[in-house]
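Text of the file input.txt, holding compact mmCIF, N, CA and C atoms:
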# COMPACT_ATOMS: atom_id res chain seq x y z
N ASN A 1 16.98 -6.94 -25.71
CA ASN A 1 17.59 -5.67 -26.08
C ASN A 1 16.71 -5.00 -27.14
N GLN A 2 15.97 -4.00 -26.72
CA GLN A 2 15.04 -3.31 -27.60
C GLN A 2 15.76 -2.36 -28.54
N SER A 3 15.34 -2.35 -29.81
CA SER A 3 15.92 -1.40 -30.76
C SER A 3 15.37 -0.01 -30.48
N TYR A 4 16.05 0.99 -30.99
CA TYR A 4 15.59 2.36 -30.81
C TYR A 4 14.23 2.57 -31.46
N LEU A 5 14.02 1.93 -32.61
CA LEU A 5 12.73 2.05 -33.28
C LEU A 5 11.61 1.49 -32.40
N ASP A 6 11.88 0.35 -31.77
CA ASP A 6 10.88 -0.24 -30.88
C ASP A 6 10.60 0.69 -29.70
N LYS A 7 11.65 1.32 -29.16
CA LYS A 7 11.47 2.26 -28.05
C LYS A 7 10.62 3.45 -28.47
N CYS A 8 10.91 3.97 -29.68
CA CYS A 8 10.12 5.10 -30.18
C CYS A 8 8.66 4.71 -30.39
N ALA A 9 8.45 3.52 -30.94
CA ALA A 9 7.08 3.05 -31.16
C ALA A 9 6.35 2.87 -29.83
N LYS A 10 7.05 2.34 -28.83
CA LYS A 10 6.43 2.17 -27.51
C LYS A 10 6.07 3.52 -26.90
N LYS A 11 6.95 4.49 -27.05
CA LYS A 11 6.66 5.83 -26.52
C LYS A 11 5.42 6.42 -27.19
N LEU A 12 5.30 6.22 -28.50
CA LEU A 12 4.12 6.72 -29.21
C LEU A 12 2.86 6.01 -28.72
N ALA A 13 2.95 4.69 -28.52
CA ALA A 13 1.80 3.93 -28.04
C ALA A 13 1.41 4.36 -26.63
N ASP A 14 2.40 4.55 -25.77
CA ASP A 14 2.13 5.00 -24.40
C ASP A 14 1.46 6.36 -24.40
N GLU A 15 1.88 7.22 -25.31
CA GLU A 15 1.31 8.57 -25.38
C GLU A 15 -0.18 8.52 -25.73
N LYS A 16 -0.57 7.57 -26.58
CA LYS A 16 -1.98 7.45 -26.97
C LYS A 16 -2.87 7.11 -25.78
N HIS A 17 -2.31 6.39 -24.81
CA HIS A 17 -3.09 5.93 -23.66
C HIS A 17 -2.91 6.80 -22.43
N SER A 18 -2.34 7.97 -22.61
CA SER A 18 -2.09 8.85 -21.47
C SER A 18 -3.39 9.50 -20.98
N THR A 19 -3.32 10.05 -19.78
CA THR A 19 -4.50 10.71 -19.20
C THR A 19 -4.71 12.08 -19.82
N THR A 20 -5.83 12.69 -19.56
CA THR A 20 -6.14 14.02 -20.09
C THR A 20 -5.12 15.04 -19.63
N HIS A 21 -4.69 14.96 -18.37
CA HIS A 21 -3.69 15.89 -17.86
C HIS A 21 -2.38 15.76 -18.65
N GLN A 22 -1.96 14.53 -18.91
CA GLN A 22 -0.73 14.32 -19.65
C GLN A 22 -0.89 14.79 -21.10
N GLN A 23 -2.07 14.63 -21.67
CA GLN A 23 -2.30 15.06 -23.04
C GLN A 23 -2.18 16.57 -23.16
N SER A 24 -2.52 17.30 -22.12
CA SER A 24 -2.41 18.76 -22.20
C SER A 24 -0.95 19.20 -22.25
N ARG A 25 -0.02 18.35 -21.77
CA ARG A 25 1.40 18.68 -21.81
C ARG A 25 2.06 18.16 -23.07
N ARG A 26 1.33 17.49 -23.90
CA ARG A 26 1.85 16.87 -25.11
C ARG A 26 2.33 17.92 -26.11
N SER A 27 3.22 17.52 -26.97
CA SER A 27 3.68 18.39 -28.05
C SER A 27 2.51 18.86 -28.91
N THR A 28 2.68 19.98 -29.55
CA THR A 28 1.64 20.47 -30.44
C THR A 28 1.56 19.66 -31.72
N THR A 29 2.52 18.78 -31.97
CA THR A 29 2.48 17.92 -33.14
C THR A 29 1.67 16.68 -32.80
N PRO A 30 0.53 16.47 -33.49
CA PRO A 30 -0.32 15.33 -33.17
C PRO A 30 0.41 14.01 -33.34
N GLY A 31 0.28 13.12 -32.35
CA GLY A 31 0.82 11.78 -32.44
C GLY A 31 2.31 11.66 -32.15
N VAL A 32 2.98 12.76 -31.83
CA VAL A 32 4.41 12.70 -31.54
C VAL A 32 4.64 13.23 -30.13
N SER A 33 5.18 12.38 -29.27
CA SER A 33 5.39 12.79 -27.89
C SER A 33 6.64 13.66 -27.76
N PRO A 34 6.70 14.48 -26.71
CA PRO A 34 7.92 15.27 -26.47
C PRO A 34 9.16 14.39 -26.34
N ALA A 35 9.00 13.20 -25.76
CA ALA A 35 10.14 12.29 -25.62
C ALA A 35 10.64 11.84 -26.99
N SER A 36 9.72 11.58 -27.91
CA SER A 36 10.11 11.17 -29.26
C SER A 36 10.80 12.31 -29.99
N LEU A 37 10.31 13.53 -29.78
CA LEU A 37 10.95 14.69 -30.41
C LEU A 37 12.38 14.86 -29.90
N LYS A 38 12.56 14.67 -28.60
CA LYS A 38 13.89 14.79 -27.99
C LYS A 38 14.81 13.69 -28.53
N GLU A 39 14.29 12.48 -28.64
CA GLU A 39 15.07 11.36 -29.17
C GLU A 39 15.47 11.63 -30.63
N ALA A 40 14.53 12.18 -31.39
CA ALA A 40 14.82 12.49 -32.79
C ALA A 40 15.95 13.51 -32.90
N GLU A 41 15.94 14.51 -32.02
CA GLU A 41 17.00 15.52 -32.04
C GLU A 41 18.36 14.90 -31.71
N LYS A 42 18.36 13.90 -30.82
CA LYS A 42 19.62 13.21 -30.49
C LYS A 42 20.17 12.51 -31.74
N TYR A 43 19.27 11.87 -32.50
CA TYR A 43 19.71 11.20 -33.72
C TYR A 43 20.20 12.21 -34.76
N LYS A 44 19.55 13.36 -34.85
CA LYS A 44 19.99 14.39 -35.79
C LYS A 44 21.40 14.87 -35.42
N THR A 45 21.64 15.11 -34.14
CA THR A 45 22.95 15.55 -33.67
C THR A 45 24.01 14.50 -34.00
N LYS A 46 23.65 13.24 -33.76
CA LYS A 46 24.56 12.13 -34.09
C LYS A 46 24.84 12.11 -35.59
N GLY A 47 23.80 12.27 -36.39
CA GLY A 47 23.97 12.29 -37.84
C GLY A 47 24.87 13.42 -38.29
N ASN A 48 24.69 14.59 -37.70
CA ASN A 48 25.53 15.73 -38.05
C ASN A 48 27.01 15.45 -37.75
N ALA A 49 27.28 14.82 -36.61
CA ALA A 49 28.66 14.48 -36.26
C ALA A 49 29.23 13.45 -37.24
N LEU A 50 28.40 12.50 -37.63
CA LEU A 50 28.85 11.49 -38.59
C LEU A 50 29.12 12.11 -39.96
N MET A 51 28.30 13.07 -40.35
CA MET A 51 28.54 13.78 -41.62
C MET A 51 29.88 14.51 -41.56
N ALA A 52 30.16 15.16 -40.43
CA ALA A 52 31.42 15.89 -40.27
C ALA A 52 32.61 14.94 -40.36
N ASN A 53 32.41 13.68 -39.96
CA ASN A 53 33.46 12.67 -40.03
C ASN A 53 33.43 11.89 -41.34
N ARG A 54 32.58 12.32 -42.27
CA ARG A 54 32.45 11.71 -43.59
C ARG A 54 31.99 10.26 -43.55
N ASP A 55 31.25 9.90 -42.52
CA ASP A 55 30.65 8.57 -42.43
C ASP A 55 29.19 8.70 -42.89
N TYR A 56 29.02 8.80 -44.20
CA TYR A 56 27.73 9.15 -44.77
C TYR A 56 26.68 8.05 -44.62
N GLU A 57 27.10 6.81 -44.69
CA GLU A 57 26.13 5.71 -44.52
C GLU A 57 25.57 5.72 -43.10
N SER A 58 26.43 5.87 -42.11
CA SER A 58 25.96 5.91 -40.72
C SER A 58 25.13 7.17 -40.46
N ALA A 59 25.50 8.28 -41.09
CA ALA A 59 24.71 9.52 -40.96
C ALA A 59 23.31 9.30 -41.53
N TYR A 60 23.25 8.66 -42.70
CA TYR A 60 21.95 8.33 -43.30
C TYR A 60 21.09 7.53 -42.32
N GLU A 61 21.70 6.55 -41.69
CA GLU A 61 20.97 5.71 -40.73
C GLU A 61 20.51 6.53 -39.52
N ALA A 62 21.33 7.44 -39.05
CA ALA A 62 20.96 8.28 -37.90
C ALA A 62 19.78 9.18 -38.24
N TYR A 63 19.81 9.79 -39.42
CA TYR A 63 18.68 10.64 -39.83
C TYR A 63 17.41 9.81 -40.05
N THR A 64 17.58 8.58 -40.51
CA THR A 64 16.42 7.68 -40.65
C THR A 64 15.82 7.39 -39.29
N GLN A 65 16.66 7.17 -38.28
CA GLN A 65 16.17 6.93 -36.92
C GLN A 65 15.43 8.17 -36.41
N ALA A 66 15.96 9.35 -36.70
CA ALA A 66 15.28 10.58 -36.30
C ALA A 66 13.88 10.63 -36.91
N LEU A 67 13.79 10.27 -38.17
CA LEU A 67 12.48 10.27 -38.85
C LEU A 67 11.56 9.19 -38.31
N ASN A 68 12.11 8.07 -37.89
CA ASN A 68 11.29 7.03 -37.27
C ASN A 68 10.66 7.53 -35.97
N CYS A 69 11.40 8.33 -35.24
CA CYS A 69 10.90 8.89 -33.98
C CYS A 69 9.93 10.04 -34.21
N SER A 70 10.17 10.82 -35.27
CA SER A 70 9.37 12.02 -35.50
C SER A 70 9.16 12.23 -37.01
N PRO A 71 8.26 11.45 -37.62
CA PRO A 71 8.08 11.55 -39.07
C PRO A 71 7.43 12.85 -39.54
N ASN A 72 6.66 13.49 -38.67
CA ASN A 72 5.97 14.73 -39.05
C ASN A 72 6.09 15.79 -37.97
N GLY A 73 7.20 15.78 -37.26
CA GLY A 73 7.40 16.74 -36.18
C GLY A 73 7.86 18.09 -36.68
N PRO A 74 8.06 19.01 -35.76
CA PRO A 74 8.44 20.38 -36.15
C PRO A 74 9.80 20.49 -36.81
N GLN A 75 10.67 19.49 -36.64
CA GLN A 75 12.00 19.50 -37.26
C GLN A 75 12.18 18.41 -38.31
N SER A 76 11.12 17.71 -38.65
CA SER A 76 11.23 16.59 -39.60
C SER A 76 11.73 17.04 -40.96
N HIS A 77 11.40 18.26 -41.37
CA HIS A 77 11.90 18.76 -42.65
C HIS A 77 13.44 18.82 -42.65
N VAL A 78 14.02 19.12 -41.49
CA VAL A 78 15.48 19.16 -41.38
C VAL A 78 16.04 17.75 -41.49
N TYR A 79 15.39 16.77 -40.85
CA TYR A 79 15.87 15.39 -40.91
C TYR A 79 15.86 14.87 -42.35
N TYR A 80 14.77 15.15 -43.08
CA TYR A 80 14.71 14.73 -44.49
C TYR A 80 15.80 15.42 -45.31
N SER A 81 15.97 16.71 -45.10
CA SER A 81 16.97 17.45 -45.86
C SER A 81 18.39 16.97 -45.54
N ASN A 82 18.66 16.73 -44.27
CA ASN A 82 19.99 16.23 -43.88
C ASN A 82 20.23 14.84 -44.46
N ARG A 83 19.18 14.02 -44.46
CA ARG A 83 19.32 12.68 -45.04
C ARG A 83 19.57 12.79 -46.54
N ALA A 84 18.93 13.78 -47.18
CA ALA A 84 19.18 14.01 -48.61
C ALA A 84 20.65 14.37 -48.85
N ALA A 85 21.24 15.15 -47.95
CA ALA A 85 22.66 15.50 -48.08
C ALA A 85 23.52 14.24 -48.00
N ALA A 86 23.22 13.38 -47.04
CA ALA A 86 23.98 12.12 -46.92
C ALA A 86 23.81 11.29 -48.18
N LEU A 87 22.60 11.24 -48.69
CA LEU A 87 22.34 10.46 -49.91
C LEU A 87 23.11 11.02 -51.11
N CYS A 88 23.25 12.33 -51.18
CA CYS A 88 24.04 12.92 -52.27
C CYS A 88 25.49 12.46 -52.18
N TYR A 89 26.05 12.45 -50.98
CA TYR A 89 27.42 11.97 -50.82
C TYR A 89 27.54 10.50 -51.16
N LEU A 90 26.48 9.75 -50.95
CA LEU A 90 26.47 8.32 -51.30
C LEU A 90 26.13 8.09 -52.77
N GLU A 91 25.94 9.18 -53.50
CA GLU A 91 25.60 9.16 -54.93
C GLU A 91 24.28 8.44 -55.21
N ARG A 92 23.35 8.56 -54.27
CA ARG A 92 22.00 8.02 -54.43
C ARG A 92 21.07 9.20 -54.72
N TYR A 93 21.20 9.74 -55.91
CA TYR A 93 20.57 11.01 -56.25
C TYR A 93 19.05 10.95 -56.36
N GLN A 94 18.50 9.84 -56.83
CA GLN A 94 17.03 9.74 -56.89
C GLN A 94 16.44 9.74 -55.48
N ASP A 95 17.07 9.01 -54.57
CA ASP A 95 16.60 9.00 -53.18
C ASP A 95 16.77 10.38 -52.55
N ALA A 96 17.87 11.06 -52.89
CA ALA A 96 18.11 12.40 -52.35
C ALA A 96 17.04 13.37 -52.87
N GLU A 97 16.68 13.23 -54.13
CA GLU A 97 15.62 14.07 -54.69
C GLU A 97 14.31 13.85 -53.93
N MET A 98 13.98 12.58 -53.67
CA MET A 98 12.73 12.27 -52.96
C MET A 98 12.74 12.84 -51.54
N ASP A 99 13.85 12.69 -50.83
CA ASP A 99 13.92 13.24 -49.47
C ASP A 99 13.85 14.76 -49.47
N SER A 100 14.46 15.39 -50.47
CA SER A 100 14.37 16.85 -50.58
C SER A 100 12.92 17.27 -50.78
N LEU A 101 12.21 16.54 -51.63
CA LEU A 101 10.79 16.85 -51.88
C LEU A 101 9.95 16.62 -50.63
N LYS A 102 10.26 15.57 -49.86
CA LYS A 102 9.54 15.32 -48.60
C LYS A 102 9.78 16.47 -47.63
N SER A 103 11.02 16.93 -47.56
CA SER A 103 11.35 18.06 -46.70
C SER A 103 10.54 19.28 -47.10
N LEU A 104 10.51 19.55 -48.39
CA LEU A 104 9.79 20.72 -48.88
C LEU A 104 8.27 20.57 -48.73
N GLY A 105 7.79 19.34 -48.71
CA GLY A 105 6.37 19.11 -48.45
C GLY A 105 6.00 19.52 -47.04
N LEU A 106 6.95 19.41 -46.12
CA LEU A 106 6.72 19.80 -44.73
C LEU A 106 7.03 21.28 -44.49
N GLU A 107 8.03 21.81 -45.20
CA GLU A 107 8.45 23.21 -45.01
C GLU A 107 8.90 23.77 -46.37
N PRO A 108 7.94 24.31 -47.14
CA PRO A 108 8.23 24.75 -48.51
C PRO A 108 9.27 25.86 -48.65
N THR A 109 9.56 26.58 -47.58
CA THR A 109 10.52 27.68 -47.66
C THR A 109 11.90 27.31 -47.10
N TYR A 110 12.16 26.02 -46.88
CA TYR A 110 13.45 25.60 -46.32
C TYR A 110 14.51 25.61 -47.42
N GLY A 111 15.36 26.62 -47.39
CA GLY A 111 16.36 26.84 -48.43
C GLY A 111 17.32 25.68 -48.64
N LYS A 112 17.77 25.06 -47.56
CA LYS A 112 18.72 23.96 -47.70
C LYS A 112 18.11 22.79 -48.46
N ALA A 113 16.82 22.54 -48.26
CA ALA A 113 16.16 21.45 -49.01
C ALA A 113 16.10 21.79 -50.49
N HIS A 114 15.85 23.06 -50.81
CA HIS A 114 15.86 23.46 -52.22
C HIS A 114 17.25 23.26 -52.82
N ALA A 115 18.30 23.61 -52.06
CA ALA A 115 19.67 23.45 -52.54
C ALA A 115 20.00 21.97 -52.76
N ARG A 116 19.57 21.12 -51.86
CA ARG A 116 19.85 19.68 -52.00
C ARG A 116 19.04 19.08 -53.14
N LEU A 117 17.85 19.62 -53.36
CA LEU A 117 17.06 19.21 -54.51
C LEU A 117 17.78 19.61 -55.80
N GLY A 118 18.33 20.82 -55.80
CA GLY A 118 19.09 21.27 -56.97
C GLY A 118 20.29 20.39 -57.25
N LEU A 119 21.02 20.03 -56.21
CA LEU A 119 22.20 19.18 -56.39
C LEU A 119 21.81 17.80 -56.93
N SER A 120 20.79 17.21 -56.34
CA SER A 120 20.38 15.88 -56.78
C SER A 120 19.88 15.93 -58.23
N ARG A 121 19.13 16.97 -58.57
CA ARG A 121 18.63 17.07 -59.95
C ARG A 121 19.76 17.33 -60.94
N PHE A 122 20.77 18.08 -60.53
CA PHE A 122 21.93 18.29 -61.39
C PHE A 122 22.56 16.95 -61.76
N PHE A 123 22.79 16.10 -60.76
CA PHE A 123 23.42 14.81 -61.02
C PHE A 123 22.50 13.82 -61.72
N LEU A 124 21.19 14.10 -61.70
CA LEU A 124 20.23 13.30 -62.46
C LEU A 124 20.04 13.87 -63.87
N HIS A 125 20.84 14.87 -64.22
CA HIS A 125 20.82 15.53 -65.53
C HIS A 125 19.52 16.28 -65.81
N ASP A 126 18.82 16.66 -64.73
CA ASP A 126 17.63 17.51 -64.86
C ASP A 126 18.09 18.94 -64.59
N TYR A 127 18.73 19.53 -65.60
CA TYR A 127 19.38 20.82 -65.40
C TYR A 127 18.37 21.95 -65.19
N ALA A 128 17.25 21.89 -65.89
CA ALA A 128 16.22 22.92 -65.69
C ALA A 128 15.66 22.83 -64.28
N GLY A 129 15.42 21.61 -63.80
CA GLY A 129 14.94 21.42 -62.44
C GLY A 129 15.95 21.86 -61.41
N ALA A 130 17.23 21.65 -61.71
CA ALA A 130 18.30 22.06 -60.80
C ALA A 130 18.34 23.58 -60.69
N VAL A 131 18.25 24.25 -61.83
CA VAL A 131 18.28 25.73 -61.83
C VAL A 131 17.08 26.26 -61.05
N GLN A 132 15.92 25.68 -61.28
CA GLN A 132 14.71 26.11 -60.56
C GLN A 132 14.88 25.94 -59.05
N ALA A 133 15.41 24.78 -58.64
CA ALA A 133 15.60 24.51 -57.20
C ALA A 133 16.63 25.47 -56.60
N TYR A 134 17.74 25.69 -57.30
CA TYR A 134 18.75 26.60 -56.78
C TYR A 134 18.26 28.04 -56.72
N THR A 135 17.44 28.42 -57.68
CA THR A 135 16.86 29.77 -57.66
C THR A 135 16.01 29.96 -56.41
N LEU A 136 15.19 28.96 -56.09
CA LEU A 136 14.37 29.04 -54.87
C LEU A 136 15.24 28.98 -53.62
N ALA A 137 16.31 28.19 -53.66
CA ALA A 137 17.22 28.12 -52.52
C ALA A 137 17.79 29.50 -52.21
N LEU A 138 18.20 30.20 -53.25
CA LEU A 138 18.76 31.54 -53.05
C LEU A 138 17.69 32.53 -52.58
N GLU A 139 16.47 32.34 -53.03
CA GLU A 139 15.38 33.22 -52.59
C GLU A 139 15.11 33.04 -51.10
N TYR A 140 15.07 31.79 -50.65
CA TYR A 140 14.72 31.51 -49.26
C TYR A 140 15.92 31.54 -48.32
N ASP A 141 17.12 31.31 -48.85
CA ASP A 141 18.33 31.26 -48.01
C ASP A 141 19.48 31.91 -48.79
N PRO A 142 19.45 33.25 -48.91
CA PRO A 142 20.43 33.93 -49.75
C PRO A 142 21.89 33.77 -49.30
N GLY A 143 22.11 33.40 -48.07
CA GLY A 143 23.47 33.22 -47.58
C GLY A 143 24.03 31.84 -47.79
N ASN A 144 23.28 30.94 -48.43
CA ASN A 144 23.71 29.56 -48.61
C ASN A 144 24.81 29.51 -49.69
N ALA A 145 26.04 29.23 -49.26
CA ALA A 145 27.18 29.23 -50.17
C ALA A 145 27.05 28.18 -51.26
N ALA A 146 26.47 27.03 -50.95
CA ALA A 146 26.31 25.98 -51.95
C ALA A 146 25.42 26.44 -53.09
N SER A 147 24.41 27.20 -52.77
CA SER A 147 23.47 27.68 -53.79
C SER A 147 24.09 28.79 -54.63
N GLN A 148 25.00 29.55 -54.04
CA GLN A 148 25.62 30.67 -54.75
C GLN A 148 26.60 30.20 -55.81
N SER A 149 27.19 29.04 -55.61
CA SER A 149 28.18 28.52 -56.57
C SER A 149 27.49 27.76 -57.65

Let me see the file written as structure tokens.
Amino acid sequence: NQSYLDKCAKKLADEKHSTTHQQSRRSTTPGVSPASLKEAEKYKTKGNALMANRDYESAYEAYTQALNCSPNGPQSHVYYSNRAAALCYLERYQDAEMDSLKSLGLEPTYGKAHARLGLSRFFLHDYAGAVQAYTLALEYDPGNAASQS
């Protein structure tokens, strides 16, 4: 019984050995196959449902699986940011801060990541850092209710 991580790793390995024709159909993200991107999106959807059901530990695990499938894909900044949200609910604020920063390293204008960085820094008593993060969150995502409060 293969784990999902093993399946994702096998898909990545298979992609490396594909023919030139198959490589031309590959995702524009180097080293990440379209199948891995699709699998990552499934994990993100699962994580979102778990968050809605307040199962934050399982949501964290689902977002981690998404990142295992697509660590640097076109939506990886969302996976890091969503995992940061789960970590905030789990009161793991240092980890949430790190995931927010990873998200912003991939997509510096992602407002939700700035908001989650602000929240984590608030609970870490870095109030100046929290204000700075929330200010950027409002700049990049002015409709974000969490940032407005």

As a PDB file with N, CA and C atoms, keeping the file's coordinate frame, please: the residues near stretch 117-125 of chain A (cut-off 6 Å, only N, CA and C atoms, same-chain neighbours under 5 positions excluded).
ATOM      1  N   TYR A  93      21.200   9.740 -55.910  1.00  0.00           N
ATOM      2  CA  TYR A  93      20.570  11.010 -56.250  1.00  0.00           C
ATOM      3  C   TYR A  93      19.050  10.950 -56.360  1.00  0.00           C
ATOM      4  N   ALA A  96      17.870  11.060 -52.890  1.00  0.00           N
ATOM      5  CA  ALA A  96      18.110  12.400 -52.350  1.00  0.00           C
ATOM      6  C   ALA A  96      17.040  13.370 -52.870  1.00  0.00           C
ATOM      7  N   GLU A  97      16.680  13.230 -54.130  1.00  0.00           N
ATOM      8  CA  GLU A  97      15.620  14.070 -54.690  1.00  0.00           C
ATOM      9  C   GLU A  97      14.310  13.850 -53.930  1.00  0.00           C
ATOM     10  N   SER A 100      14.460  15.390 -50.470  1.00  0.00           N
ATOM     11  CA  SER A 100      14.370  16.850 -50.580  1.00  0.00           C
ATOM     12  C   SER A 100      12.920  17.270 -50.780  1.00  0.00           C
ATOM     13  N   LYS A 112      17.770  25.060 -47.560  1.00  0.00           N
ATOM     14  CA  LYS A 112      18.720  23.960 -47.700  1.00  0.00           C
ATOM     15  C   LYS A 112      18.110  22.790 -48.460  1.00  0.00           C
ATOM     16  N   ALA A 130      17.230  21.650 -61.710  1.00  0.00           N
ATOM     17  CA  ALA A 130      18.300  22.060 -60.800  1.00  0.00           C
ATOM     18  C   ALA A 130      18.340  23.580 -60.690  1.00  0.00           C
ATOM     19  N   VAL A 131      18.250  24.250 -61.830  1.00  0.00           N
ATOM     20  CA  VAL A 131      18.280  25.730 -61.830  1.00  0.00           C
ATOM     21  C   VAL A 131      17.080  26.260 -61.050  1.00  0.00           C
ATOM     22  N   ALA A 133      15.410  24.780 -58.640  1.00  0.00           N
ATOM     23  CA  ALA A 133      15.600  24.510 -57.200  1.00  0.00           C
ATOM     24  C   ALA A 133      16.630  25.470 -56.600  1.00  0.00           C
ATOM     25  N   TYR A 134      17.740  25.690 -57.300  1.00  0.00           N
ATOM     26  CA  TYR A 134      18.750  26.600 -56.780  1.00  0.00           C
ATOM     27  C   TYR A 134      18.260  28.040 -56.720  1.00  0.00           C
TER      28      TYR A 134
END

Report task. Could you jot down the atom C of A:Tyr140 to atom C of A:Thr109 separation for me, Å, one decimal place? Result ->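 So the answer is 6.0 Å.
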
Query - Using all atoms listed in the file: which of A:Tyr63, A:Ser70, A:Lys102, A:Asp55 has the shortest distance to A:Arg83 - result: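 Nearest to A:Arg83: A:Tyr63.
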
Report task. For atom CA of A:Arg92 and atom CA of A:Ala115, determine how far apart the two atoms are, in Å to one decimal place. Result -> 15.7 Å

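Minimum atom-to-atom distance to A:Gln65, evaluated using all atoms listed in the file, belongs to A:Glu41 out of A:Ala128, A:Tyr89, A:Glu41, A:Glu139.
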
Report summary line: Using all atoms listed in the file, the shortest atom-to-atom distance to A:Cys88 among A:Lys44, A:Tyr127, A:Arg116, A:Thr64 belongs to A:Arg116

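Picture a line from atom CA of A:Lys38 to atom CA of A:Met51; it runs 20.0 Å.
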
Please provide as an mmCIF file with N, CA and C atoms, keeping the file's coordinate frame all residues within 6 Å of A:Cys69, with the sequence filter that same-chain residues fewer than 3 positions apart are discarded (counting all atoms listed in the file).
data_model
loop_
_atom_site.group_PDB
_atom_site.id
_atom_site.type_symbol
_atom_site.label_atom_id
_atom_site.label_comp_id
_atom_site.auth_asym_id
_atom_site.auth_seq_id
_atom_site.Cartn_x
_atom_site.Cartn_y
_atom_site.Cartn_z
ATOM 1 N N CYS A 8 10.910 3.970 -29.680
ATOM 2 C CA CYS A 8 10.120 5.100 -30.180
ATOM 3 C C CYS A 8 8.660 4.710 -30.390
ATOM 4 N N SER A 36 9.720 11.580 -27.910
ATOM 5 C CA SER A 36 10.110 11.170 -29.260
ATOM 6 C C SER A 36 10.800 12.310 -29.990
ATOM 7 N N LEU A 37 10.310 13.530 -29.780
ATOM 8 C CA LEU A 37 10.950 14.690 -30.410
ATOM 9 C C LEU A 37 12.380 14.860 -29.900
ATOM 10 N N ALA A 40 14.530 12.180 -31.390
ATOM 11 C CA ALA A 40 14.820 12.490 -32.790
ATOM 12 C C ALA A 40 15.950 13.510 -32.900
ATOM 13 N N GLN A 65 16.660 7.170 -38.280
ATOM 14 C CA GLN A 65 16.170 6.930 -36.920
ATOM 15 C C GLN A 65 15.430 8.170 -36.410
ATOM 16 N N ALA A 66 15.960 9.350 -36.700
ATOM 17 C CA ALA A 66 15.280 10.580 -36.300
ATOM 18 C C ALA A 66 13.880 10.630 -36.910
#

If you count all atoms listed in the file, which residues fall within 6.5 Å of A:Tyr110, apart from same-chain ones fewer than 3 positions away, as a short mmCIF file (atom, residue, chain, number, x, y, z; two decimals) with N, CA and C atoms, keeping the file's coordinate frame?
data_model
loop_
_atom_site.label_atom_id
_atom_site.label_comp_id
_atom_site.auth_asym_id
_atom_site.auth_seq_id
_atom_site.Cartn_x
_atom_site.Cartn_y
_atom_site.Cartn_z
N LEU A 104 10.51 19.55 -48.39
CA LEU A 104 9.79 20.72 -48.88
C LEU A 104 8.27 20.57 -48.73
N GLU A 107 8.03 21.81 -45.20
CA GLU A 107 8.45 23.21 -45.01
C GLU A 107 8.90 23.77 -46.37
N ALA A 113 16.82 22.54 -48.26
CA ALA A 113 16.16 21.45 -49.01
C ALA A 113 16.10 21.79 -50.49
N HIS A 114 15.85 23.06 -50.81
CA HIS A 114 15.86 23.46 -52.22
C HIS A 114 17.25 23.26 -52.82
N ALA A 115 18.30 23.61 -52.06
CA ALA A 115 19.67 23.45 -52.54
C ALA A 115 20.00 21.97 -52.76
N ALA A 137 16.31 28.19 -53.66
CA ALA A 137 17.22 28.12 -52.52
C ALA A 137 17.79 29.50 -52.21
N TYR A 140 15.07 31.79 -50.65
CA TYR A 140 14.72 31.51 -49.26
C TYR A 140 15.92 31.54 -48.32
N ASP A 141 17.12 31.31 -48.85
CA ASP A 141 18.33 31.26 -48.01
C ASP A 141 19.48 31.91 -48.79
#

Query raised in the report: Do you know which residues lie at most 10 Å from (25.0, 8.1, -43.3), with coordinates as in the file and only C-alpha atoms counted, and could you write them as a VMD selection string?
Result: chain A and resid 47 to 48 50 to 51 54 to 64 82 to 87 89 to 90

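Polymer residues near (7.6, 16.8, -46.2): counting all atoms listed in the file with a cut-off of 8 Å, they are Pro71, Asn72, Ser76, His77, Tyr80, Asp99, Ser100, Leu101, Lys102, Ser103, Leu104, Gly105, Leu106, Glu107 and Pro108 of chain A.
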
**Report entry** alpha helix (DSSP H) positions in stretch 25-137 of chain A, given as an MDAnalysis selection string
**Finding:** chainID A and resid 34:52 56:69 76:89 93:106 111:123 127:137

**Report entry** Option closest in space to A:Lys46, from A:Tyr79, A:Ser33, A:Gln94, A:Gly73 [counting only C-alpha atoms]
**Finding:**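 Residue with the minimum atom-to-atom distance to A:Lys46: A:Tyr79.
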
Could I get stretch 120-134 of chain A from the block written as a PDB file, in the first residue's frame, with C-alpha atoms?
ATOM      1  CA  SER A 120       1.095  35.005  13.724  1.00  0.00           C
ATOM      2  CA  ARG A 121       3.328  37.977  14.561  1.00  0.00           C
ATOM      3  CA  PHE A 122       0.599  39.484  16.747  1.00  0.00           C
ATOM      4  CA  PHE A 123       0.476  36.313  18.852  1.00  0.00           C
ATOM      5  CA  LEU A 124       4.288  36.239  18.936  1.00  0.00           C
ATOM      6  CA  HIS A 125       4.105  39.773  20.437  1.00  0.00           C
ATOM      7  CA  ASP A 126       5.844  41.283  17.398  1.00  0.00           C
ATOM      8  CA  TYR A 127       3.337  44.106  17.168  1.00  0.00           C
ATOM      9  CA  ALA A 128       5.355  46.276  14.782  1.00  0.00           C
ATOM     10  CA  GLY A 129       5.793  43.287  12.461  1.00  0.00           C
ATOM     11  CA  ALA A 130       2.078  42.531  12.710  1.00  0.00           C
ATOM     12  CA  VAL A 131       1.131  46.091  11.756  1.00  0.00           C
ATOM     13  CA  GLN A 132       3.551  46.013   8.831  1.00  0.00           C
ATOM     14  CA  ALA A 133       2.137  42.680   7.593  1.00  0.00           C
ATOM     15  CA  TYR A 134      -1.476  43.813   7.952  1.00  0.00           C
TER      16      TYR A 134
END
